[in-house]
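Q: My file is protein_7.txt. It has compact mmCIF, C-alpha atoms:
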# COMPACT_ATOMS: atom_id res chain seq x y z
CA MET A 1 -11.09 -0.80 11.06
CA PHE A 2 -11.14 2.22 8.76
CA GLY A 3 -12.94 5.02 10.52
CA PHE A 4 -14.88 5.99 7.42
CA VAL A 5 -16.42 2.55 7.08
CA LYS A 6 -19.28 3.15 9.49
CA ARG A 7 -21.99 1.85 7.23
CA TRP A 8 -22.33 -1.32 9.23
CA ARG A 9 -25.42 -2.29 7.28
CA VAL A 10 -23.29 -2.89 4.19
CA GLY A 11 -20.94 -5.10 6.17
CA LEU A 12 -23.86 -6.96 7.71
CA LEU A 13 -25.45 -7.50 4.30
CA GLY A 14 -22.16 -8.79 2.91
CA ALA A 15 -21.67 -11.16 5.83
CA THR A 16 -25.26 -12.40 5.47
CA ILE A 17 -24.83 -13.11 1.75
CA SER A 18 -21.56 -14.95 2.38
CA VAL A 19 -23.13 -17.05 5.15
CA LEU A 20 -26.23 -17.92 3.11
CA VAL A 21 -24.21 -18.92 0.05
CA GLY A 22 -21.81 -20.87 2.25
CA ILE A 23 -24.70 -22.74 3.88
CA PHE A 24 -26.18 -23.57 0.49
CA VAL A 25 -22.88 -24.91 -0.82
CA ALA A 26 -22.25 -26.88 2.37
CA SER A 27 -25.70 -28.45 2.21
CA GLU A 28 -24.97 -29.81 -1.25
CA ILE A 29 -21.70 -31.61 -0.50
CA ASN A 30 -20.54 -34.71 1.32
CA PHE A 31 -17.81 -33.66 3.76
CA GLU A 32 -16.30 -37.14 3.83
CA LEU A 33 -15.88 -37.05 0.06
CA LEU A 34 -14.60 -33.48 0.33
CA GLY A 35 -11.91 -34.60 2.76
CA ASN A 36 -10.91 -37.46 0.46
CA ALA A 37 -10.72 -35.09 -2.51
CA LEU A 38 -8.40 -32.79 -0.60
CA LYS A 39 -6.25 -35.71 0.60
CA THR A 40 -5.82 -37.15 -2.89
CA ALA A 41 -5.10 -33.80 -4.58
CA ASP A 42 -1.73 -33.50 -6.29
CA PHE A 43 -0.46 -30.32 -4.63
CA ILE A 44 2.79 -30.45 -6.60
CA TYR A 45 1.01 -28.21 -9.11
CA LEU A 46 0.37 -25.58 -6.46
CA LEU A 47 3.91 -24.16 -6.62
CA PRO A 48 3.96 -23.27 -10.35
CA GLY A 49 0.42 -21.95 -9.99
CA VAL A 50 1.48 -19.61 -7.17
CA VAL A 51 4.53 -18.44 -9.13
CA LEU A 52 2.38 -17.56 -12.14
CA LEU A 53 -0.21 -15.77 -10.01
CA VAL A 54 2.49 -13.65 -8.38
CA ALA A 55 3.94 -12.94 -11.84
CA GLY A 56 0.46 -11.76 -12.82
CA LEU A 57 0.52 -9.28 -9.92
CA VAL A 58 3.88 -8.00 -11.12
CA ALA A 59 2.40 -7.47 -14.58
CA ARG A 60 -0.46 -5.51 -13.04
CA ALA A 61 2.06 -3.34 -11.20
CA PHE A 62 3.81 -2.58 -14.50
CA ARG A 63 0.42 -1.73 -16.02
CA TRP A 64 -0.40 0.71 -13.21
CA ARG A 65 3.05 2.27 -13.47
CA PHE A 66 2.47 2.64 -17.22
CA LEU A 67 -0.82 4.44 -16.58
CA LEU A 68 1.05 6.77 -14.24
CA THR A 69 3.58 7.43 -17.04
CA GLY A 70 6.40 5.93 -15.00
CA ASP A 71 6.09 8.43 -12.15
CA LEU A 72 5.91 5.63 -9.56
CA PRO A 73 8.75 3.08 -9.20
CA VAL A 74 7.59 -0.41 -10.13
CA GLY A 75 8.60 -1.74 -6.71
CA ARG A 76 6.35 0.73 -4.90
CA ALA A 77 3.57 0.16 -7.44
CA PHE A 78 3.76 -3.59 -6.70
CA HIS A 79 3.69 -3.16 -2.93
CA ILE A 80 0.94 -0.53 -2.92
CA MET A 81 -1.29 -2.61 -5.19
CA ASN A 82 -0.82 -5.65 -2.95
CA ILE A 83 -1.81 -3.62 0.10
CA ALA A 84 -4.92 -2.50 -1.80
CA TYR A 85 -5.80 -6.09 -2.74
CA LEU A 86 -5.38 -7.20 0.87
CA VAL A 87 -7.65 -4.41 2.13
CA ASN A 88 -10.22 -5.18 -0.59
CA GLY A 89 -10.23 -8.80 0.55
CA VAL A 90 -11.10 -7.76 4.10
CA LEU A 91 -13.48 -4.84 3.60
CA PRO A 92 -16.39 -4.35 1.17
CA LEU A 93 -16.89 -1.52 -1.35
CA ARG A 94 -13.34 -1.58 -2.78
CA ILE A 95 -11.93 0.44 0.13
CA GLY A 96 -8.48 -0.75 -0.93
CA GLU A 97 -8.58 1.61 -3.92
CA LEU A 98 -8.73 4.60 -1.55
CA ALA A 99 -5.81 3.12 0.37
CA ARG A 100 -3.92 2.78 -2.90
CA ALA A 101 -4.49 6.44 -3.78
CA TYR A 102 -3.39 7.57 -0.32
CA LEU A 103 -0.20 5.49 -0.35
CA ALA A 104 0.75 6.68 -3.85
CA SER A 105 0.46 10.29 -2.64
CA ARG A 106 3.18 9.67 -0.04
CA GLY A 107 6.93 9.79 -0.60
CA GLU A 108 9.00 11.38 -3.33
CA ALA A 109 6.72 10.32 -6.19
CA SER A 110 3.71 12.06 -4.61
CA ILE A 111 1.10 11.03 -7.17
CA PRO A 112 -1.99 13.29 -6.96
CA ILE A 113 -4.86 11.36 -5.38
CA ILE A 114 -7.41 12.11 -8.07
CA ARG A 115 -4.90 10.89 -10.66
CA SER A 116 -4.47 7.56 -8.87
CA LEU A 117 -8.21 7.11 -8.54
CA SER A 118 -8.74 7.87 -12.23
CA THR A 119 -6.35 5.08 -13.23
CA VAL A 120 -8.63 2.63 -11.41
CA ILE A 121 -11.37 3.41 -13.94
CA VAL A 122 -9.09 2.50 -16.84
CA GLU A 123 -7.90 -0.67 -15.09
CA ARG A 124 -11.46 -1.84 -14.48
CA LEU A 125 -12.44 -1.16 -18.09
CA LEU A 126 -9.47 -3.13 -19.39
CA ASP A 127 -10.12 -6.02 -16.99
CA VAL A 128 -13.79 -6.23 -17.97
CA LEU A 129 -12.81 -6.19 -21.64
CA ALA A 130 -10.24 -8.94 -21.03
CA ILE A 131 -12.81 -11.11 -19.26
CA VAL A 132 -15.41 -10.62 -21.98
CA VAL A 133 -12.91 -11.46 -24.71
CA MET A 134 -11.70 -14.50 -22.76
CA VAL A 135 -15.26 -15.78 -22.39
CA ALA A 136 -15.99 -15.18 -26.06
CA VAL A 137 -12.88 -17.06 -27.17
CA ALA A 138 -13.64 -19.96 -24.82
CA LEU A 139 -17.22 -20.29 -26.01
CA MET A 140 -16.23 -20.07 -29.67
CA SER A 141 -13.51 -22.72 -29.40
CA GLY A 142 -14.89 -25.17 -26.87
CA PRO A 143 -17.46 -27.97 -27.05
CA VAL A 144 -20.43 -25.90 -25.91
CA PRO A 145 -23.99 -25.56 -27.24
CA ASP A 146 -24.35 -23.36 -30.33
CA GLU A 147 -26.65 -20.97 -28.44
CA LEU A 148 -23.99 -20.43 -25.77
CA ARG A 149 -21.31 -19.94 -28.41
CA ALA A 150 -23.41 -17.35 -30.21
CA THR A 151 -23.97 -15.55 -26.91
CA GLY A 152 -20.23 -15.47 -26.30
CA VAL A 153 -19.56 -13.98 -29.73
CA PHE A 154 -22.29 -11.38 -29.21
CA PHE A 155 -20.99 -10.18 -25.85
CA GLY A 156 -17.41 -10.29 -27.12
CA LEU A 157 -18.33 -7.91 -29.94
CA ILE A 158 -20.33 -5.72 -27.57
CA GLY A 159 -17.36 -5.52 -25.21
CA CYS A 160 -14.95 -4.56 -28.00
CA PHE A 161 -17.27 -1.95 -29.48
CA GLY A 162 -18.02 -0.59 -26.02
CA PHE A 163 -14.33 -0.15 -25.32
CA LEU A 164 -13.75 1.55 -28.68
CA PHE A 165 -16.67 3.86 -27.95
CA LEU A 166 -15.05 4.88 -24.66
CA VAL A 167 -11.80 5.60 -26.48
CA VAL A 168 -13.71 7.86 -28.92
CA VAL A 169 -15.56 9.83 -26.21
CA ALA A 170 -12.31 10.16 -24.23
CA ARG A 171 -10.75 11.88 -27.25
CA HIS A 172 -13.85 13.92 -28.07
CA ARG A 173 -15.32 15.28 -24.83
CA ASN A 174 -17.79 17.45 -26.72
CA LEU A 175 -19.39 14.31 -28.11
CA ALA A 176 -19.78 12.91 -24.61
CA HIS A 177 -21.36 16.13 -23.33
CA GLY A 178 -23.64 16.25 -26.36
CA LEU A 179 -24.86 12.72 -25.62
CA LEU A 180 -25.40 13.64 -21.97
CA SER A 181 -27.49 16.68 -22.95
CA PHE A 182 -29.54 14.49 -25.28
CA PHE A 183 -30.42 12.07 -22.49
CA VAL A 184 -30.95 14.77 -19.85
CA GLN A 185 -33.55 16.47 -22.07
CA ARG A 186 -35.44 13.20 -22.48
CA LEU A 187 -34.96 11.84 -18.97
CA PRO A 188 -35.85 14.59 -16.49
CA VAL A 189 -34.80 12.39 -13.57
CA LEU A 190 -31.16 12.96 -14.57
CA ARG A 191 -31.56 16.67 -13.77
CA ARG A 192 -31.63 15.81 -10.08
CA PHE A 193 -27.96 14.85 -10.24
CA ASP A 194 -24.84 16.84 -11.05
CA SER A 195 -24.40 14.67 -14.12
CA THR A 196 -22.01 17.09 -15.86
CA THR A 197 -19.53 16.96 -12.98
CA TRP A 198 -19.74 13.19 -12.79
CA LEU A 199 -19.20 12.93 -16.53
CA ASN A 200 -16.12 15.14 -16.33
CA HIS A 201 -14.65 12.99 -13.56
CA PHE A 202 -15.33 9.90 -15.65
CA LEU A 203 -13.72 11.41 -18.75
CA ASP A 204 -10.69 12.44 -16.69
CA GLY A 205 -10.28 8.80 -15.78
CA LEU A 206 -10.30 7.89 -19.45
CA LEU A 207 -7.54 10.33 -20.41
CA PRO A 208 -4.84 7.60 -20.65
CA LEU A 209 -6.90 6.04 -23.44
CA THR A 210 -6.36 9.13 -25.60
CA GLN A 211 -2.61 8.47 -25.93
CA ILE A 212 -1.71 5.68 -28.35
CA ARG A 213 1.47 4.67 -26.54
CA THR A 214 -0.25 4.48 -23.16
CA LEU A 215 -3.26 2.69 -24.63
CA LEU A 216 -1.17 0.03 -26.36
CA GLY A 217 1.08 -0.39 -23.34
CA THR A 218 -1.80 -0.94 -20.93
CA ILE A 219 -3.48 -3.38 -23.34
CA ILE A 220 -0.24 -5.37 -23.60
CA TRP A 221 0.27 -5.52 -19.83
CA THR A 222 -3.40 -6.42 -19.36
CA THR A 223 -3.02 -9.28 -21.83
CA ILE A 224 0.12 -10.51 -20.06
CA SER A 225 -1.45 -10.37 -16.60
CA TRP A 226 -4.61 -12.21 -17.62
CA GLY A 227 -2.60 -14.69 -19.67
CA LEU A 228 -0.52 -15.53 -16.59
CA SER A 229 -3.66 -15.86 -14.48
CA ALA A 230 -5.30 -18.16 -17.02
CA THR A 231 -2.19 -20.33 -17.25
CA ALA A 232 -2.07 -20.54 -13.46
CA GLY A 233 -5.73 -21.53 -13.39
CA TYR A 234 -5.10 -24.23 -15.98
CA ILE A 235 -2.21 -25.69 -13.98
CA LEU A 236 -4.18 -25.58 -10.72
CA MET A 237 -6.86 -27.78 -12.31
CA LEU A 238 -4.29 -30.58 -12.51
CA MET A 239 -4.33 -30.79 -8.72
CA PHE A 240 -7.80 -32.35 -8.78
CA TYR A 241 -8.42 -33.44 -12.35
CA ASP A 242 -6.64 -35.91 -14.62
CA ARG A 243 -6.47 -33.28 -17.31
CA ALA A 244 -7.01 -29.56 -17.43
CA ASP A 245 -9.32 -27.81 -19.87
CA TRP A 246 -8.73 -24.35 -21.33
CA VAL A 247 -12.42 -23.67 -21.93
CA ALA A 248 -13.29 -24.56 -18.35
CA THR A 249 -10.33 -22.52 -17.09
CA CYS A 250 -11.36 -19.38 -18.93
CA LEU A 251 -15.00 -19.71 -17.94
CA TYR A 252 -14.45 -20.43 -14.24
CA ILE A 253 -11.98 -17.54 -13.96
CA ALA A 254 -14.47 -15.25 -15.68
CA ALA A 255 -17.32 -16.49 -13.48
CA ALA A 256 -15.31 -15.89 -10.30
CA SER A 257 -14.34 -12.41 -11.54
CA PHE A 258 -17.96 -11.48 -12.25
CA ALA A 259 -19.08 -12.97 -8.92
CA ILE A 260 -16.82 -10.60 -7.00
CA ALA A 261 -17.41 -7.63 -9.31
CA VAL A 262 -19.99 -6.25 -6.85
CA PRO A 263 -17.75 -5.73 -3.81
CA ILE A 264 -20.26 -6.32 -1.04
CA THR A 265 -19.50 -9.75 0.40
CA LEU A 266 -16.75 -10.08 2.99
CA GLY A 267 -13.69 -11.70 1.49
CA ASN A 268 -15.89 -12.95 -1.38
CA LEU A 269 -16.57 -16.03 0.74
CA GLY A 270 -19.17 -18.36 -0.69
CA VAL A 271 -19.91 -16.54 -3.93
CA TYR A 272 -16.39 -17.17 -5.23
CA GLU A 273 -16.60 -20.91 -4.64
CA ALA A 274 -20.18 -21.16 -5.87
CA SER A 275 -19.38 -19.46 -9.18
CA ILE A 276 -16.55 -21.90 -9.92
CA VAL A 277 -18.64 -24.94 -8.97
CA LEU A 278 -21.53 -23.84 -11.19
CA VAL A 279 -19.25 -23.52 -14.22
CA LEU A 280 -17.52 -26.87 -13.71
CA MET A 281 -20.83 -28.65 -13.17
CA ALA A 282 -22.38 -26.99 -16.23
CA LEU A 283 -19.46 -28.21 -18.35
CA ASP A 284 -19.62 -31.66 -16.74
CA ILE A 285 -15.99 -31.45 -15.60
CA GLY A 286 -14.82 -34.11 -13.15
CA GLU A 287 -16.56 -36.89 -11.31
CA SER A 288 -18.66 -35.06 -8.74
CA GLU A 289 -19.77 -31.71 -7.36
CA THR A 290 -17.72 -32.39 -4.23
CA GLN A 291 -14.58 -32.54 -6.34
CA ALA A 292 -15.47 -29.15 -7.83
CA VAL A 293 -16.08 -27.71 -4.37
CA ALA A 294 -12.68 -28.94 -3.16
CA PHE A 295 -11.02 -27.38 -6.19
CA ALA A 296 -12.86 -24.07 -5.72
CA ILE A 297 -11.87 -23.92 -2.04
CA VAL A 298 -8.19 -24.49 -2.85
CA VAL A 299 -8.22 -21.92 -5.67
CA HIS A 300 -9.80 -19.31 -3.41
CA ALA A 301 -7.48 -20.12 -0.51
CA THR A 302 -4.46 -19.85 -2.82
CA ASN A 303 -5.45 -16.41 -4.03
CA VAL A 304 -6.25 -15.21 -0.52
CA GLY A 305 -2.95 -16.58 0.77
CA ILE A 306 -1.01 -14.76 -1.94
CA ASN A 307 -2.84 -11.51 -1.20
CA VAL A 308 -2.16 -11.84 2.53
CA VAL A 309 1.54 -12.59 2.15
CA THR A 310 2.24 -9.97 -0.52
CA GLY A 311 0.04 -7.46 1.30
CA ILE A 312 1.97 -7.88 4.56
CA ILE A 313 5.25 -7.53 2.65
CA GLY A 314 3.80 -4.36 1.12
CA PHE A 315 3.02 -2.90 4.55
CA ILE A 316 6.60 -3.60 5.64
CA ALA A 317 8.09 -2.15 2.44
CA GLU A 318 5.96 1.00 2.72
CA GLY A 319 6.87 1.38 6.40
CA ILE A 320 3.30 1.89 7.48
CA THR A 321 0.97 0.13 9.90
CA LEU A 322 -2.68 -0.67 9.37
CA GLY A 323 -3.63 1.95 11.97
CA GLN A 324 -1.58 4.64 10.23
CA LEU A 325 -3.09 3.71 6.88
CA SER A 326 -6.56 3.91 8.40
CA GLN A 327 -5.90 7.37 9.79
CA GLY A 328 -4.38 8.59 6.52
CA VAL A 329 -7.31 7.41 4.41
CA GLN A 330 -9.73 8.86 6.96
CA LYS A 331 -8.12 12.29 6.62
CA MET A 332 -8.10 11.95 2.85
CA THR A 333 -11.82 11.22 2.66
CA GLU A 334 -12.56 14.16 4.93
CA GLY A 335 -10.70 16.51 2.59
CA LYS A 336 -7.87 17.18 5.02
CA THR A 337 -4.20 17.47 4.12
CA VAL A 338 -1.95 14.54 3.27
CA GLU A 339 1.66 15.37 4.07
CA GLY A 340 0.92 19.10 3.82
CA LYS A 341 -1.12 18.99 0.59
CA GLU A 342 -4.84 19.61 0.29
CA VAL A 343 -6.55 16.61 -1.22
CA GLY A 344 -10.14 17.72 -1.46
CA GLU A 345 -13.22 15.56 -1.14
CA TYR A 346 -13.00 12.01 -2.47
CA ALA A 347 -15.67 10.06 -0.63
Represent the structure contained in this file as C-alpha cells.

A:
Amino acid sequence: MFGFVKRWRVGLLGATISVLVGIFVASEINFELLGNALKTADFIYLLPGVVLLVAGLVARAFRWRFLLTGDLPVGRAFHIMNIAYLVNGVLPLRIGELARAYLASRGEASIPIIRSLSTVIVERLLDVLAIVVMVAVALMSGPVPDELRATGVFFGLIGCFGFLFLVVVARHRNLAHGLLSFFVQRLPVLRRFDSTTWLNHFLDGLLPLTQIRTLLGTIIWTTISWGLSATAGYILMLMFYDRADWVATCLYIAAASFAIAVPITLGNLGVYEASIVLVLMALDIGESETQAVAFAIVVHATNVGINVVTGIIGFIAEGITLGQLSQGVQKMTEGKTVEGKEVGEYA
C-alpha cells in the first residue's frame, strides 16, 4: 500500500504474532459453544453502544481541534482522524498518524505538518493518563485483592505525577536540558544519538500543555471521550452477560488499549481479543471462557466496523482516494513539497 512501508519484516512479524495468538485462543475454545453464545446474544444493546462509540470519536475530534487552537474545522478534524484510525487498523507502526498530518496540511486550514505530529504526542500522553487513572479507580472501588488494589493506586499516582512532571518540563525547557546533560554525562551511550534534537522535538510536542486554557480543554475532552467509551463498553457487556460490571469494563478496556499500544500486529487481531478474555477470566465474569471470547470478538468487530465506515466516509468527505493519500504521504516522508510547501524530513 503506502510506498514508504517497505519494511516487510515488520508486517511479517505482526502477522505472525496475530496468527500465533489467534491459534492459541482458538485452541482454548469450543466452537459449538461459541456459536451458541453468539446466537443467544442480545444484540439490541449494540445500537446504543455504537452511538456512544461514535460520540467518543466526535469528542476526540473536538480535542484535536482544541490542540490546534481551532485552526481546523471540527468536521474536517473528525473525518481526518477517522481516516487515520482506519489506516492504523490496516497497517502497523501507526502509519495513520502520518496520513493525518498530511491531510491536515491540505486545504484552506493548511496546518503545518510538524504541528500536527506534535499534537499526537499530547494526545497519547493524555490517553495513557486516562487509562492509568481508569485502572486505578477500578481497582480501588471493585472487589479485587488488596495487592491488586494497592498496585492500582501506586500506578495511578505514578501516572499523575508523571504527567505533572511533563507539564513542568514543557514550561521550563532549561530544566529538561539540564536533566538531559546530567544523564548524558553519566551514560556515555547517549552521546551516540542526537539527544538534544530529539528532546527539542519532544518538548515542541508538549507546548500545548504550557497554556492553561488548552491544557484544561484537552483534559475535559479526554475525560468526555473516555467516559463515552467506558459507557459504551458497559452497555456492550449486556449483550452477553446478565449484568454489566463497571470494574470489569474499565479493566478490559484498559487491557485492550495496552495490548494494542505497541502497533506491530495487523489489525490488532488476536491480541485484542486475548487481552479482554484474560481480564474477564481473572475477574471470574460470566459462565465460561467461550462466552468471554464471543464477547471479545463482537467488541473488536464493532470497533473495526465503526472505523471502516467512518474512515470511508472520511475519504469521501476529504475528496481523496487511498492511492492519492499514499502518494501524498510518500512525498511528505521524502521531504518533498505538499501543495507547493516544503515539508522537510519526517520519517

Q: Calculated over only C-alpha atoms, which of the candidates A:Leu325, A:Ala301, A:Ala41, A:Val132 has the smallest distance to Tyr102 of chain A?

A: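 Among A:Leu325, A:Ala301, A:Ala41, A:Val132, it is A:Leu325 that comes nearest to Tyr102 of chain A.
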
Q: May I ask which of the residues A:Val329, A:Ala61, A:Ala99, A:Val309 is the closest one to Val87 of chain A, counting only C-alpha atoms?

A: A:Ala99

Q: When distances are computed from only C-alpha atoms, which of A:Arg243, A:His177, A:Arg60, A:Arg171 shows the smallest separation from Gly227 of chain A?

A: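 Closest to Gly227 of chain A, using only C-alpha atoms: A:Arg60.
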
Q: Which neighbours of Val304 of chain A fall inside 12 Å, counting all atoms listed in the file, when residues of the same chain fewer than 2 positions from it are skipped, and could you give them as a PyMOL selection string?

A: chain A and resi 50+53-54+82+85-90+267-269+272+297-302+306-311

Q: Please return, as a CSV table (one decimal) with C-alpha atoms, in the coordinates of the input, all polymer residues that have at least one atom within 9 Å of the point (-9.8, -19.4, -13.5); use all atoms listed in the file and the file's own coordinate frame.

A:
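Saved the output as selection_3.csv:
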chain,number,residue,atom,x,y,z
A,229,SER,CA,-3.7,-15.9,-14.5
A,230,ALA,CA,-5.3,-18.2,-17.0
A,231,THR,CA,-2.2,-20.3,-17.2
A,232,ALA,CA,-2.1,-20.5,-13.5
A,233,GLY,CA,-5.7,-21.5,-13.4
A,234,TYR,CA,-5.1,-24.2,-16.0
A,236,LEU,CA,-4.2,-25.6,-10.7
A,237,MET,CA,-6.9,-27.8,-12.3
A,248,ALA,CA,-13.3,-24.6,-18.4
A,249,THR,CA,-10.3,-22.5,-17.1
A,250,CYS,CA,-11.4,-19.4,-18.9
A,251,LEU,CA,-15.0,-19.7,-17.9
A,252,TYR,CA,-14.4,-20.4,-14.2
A,253,ILE,CA,-12.0,-17.5,-14.0
A,254,ALA,CA,-14.5,-15.2,-15.7
A,255,ALA,CA,-17.3,-16.5,-13.5
A,256,ALA,CA,-15.3,-15.9,-10.3
A,257,SER,CA,-14.3,-12.4,-11.5
A,276,ILE,CA,-16.6,-21.9,-9.9
A,299,VAL,CA,-8.2,-21.9,-5.7

Q: Quick one: distance from atom CA of Leu38 of chain A to atom CA of Gln291 of chain A in Å, one decimal?

A: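 Interatomic distance here is 8.4 Å.
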
Q: Could you tell me which of A:Ala138, A:Ile212, A:Ala244, A:Asn200 comes closest to Val167 of chain A if we count only C-alpha atoms?

A: A:Ile212

Q: Counting all atoms listed in the file, select every polymer residue within 9 Å of (7.9, 7.3, -5.9) as defined in the file's coordinates, and provide the selection as a ChimeraX atom specification.

A: /A:71-74,76-77,104-111

Q: In terms of the shortest atom-to-atom distance over only C-alpha atoms, which of A:Leu206, A:Asp42, A:Arg191, A:Ile80 is closest to His172 of chain A?

A: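 Ranked by minimum distance to His172 of chain A, first place goes to A:Leu206.
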
Q: Between atom CA of Ala170 of chain A and atom CA of Thr210 of chain A, what distance in Å does the model show, to one decimal?

A: 6.2 Å
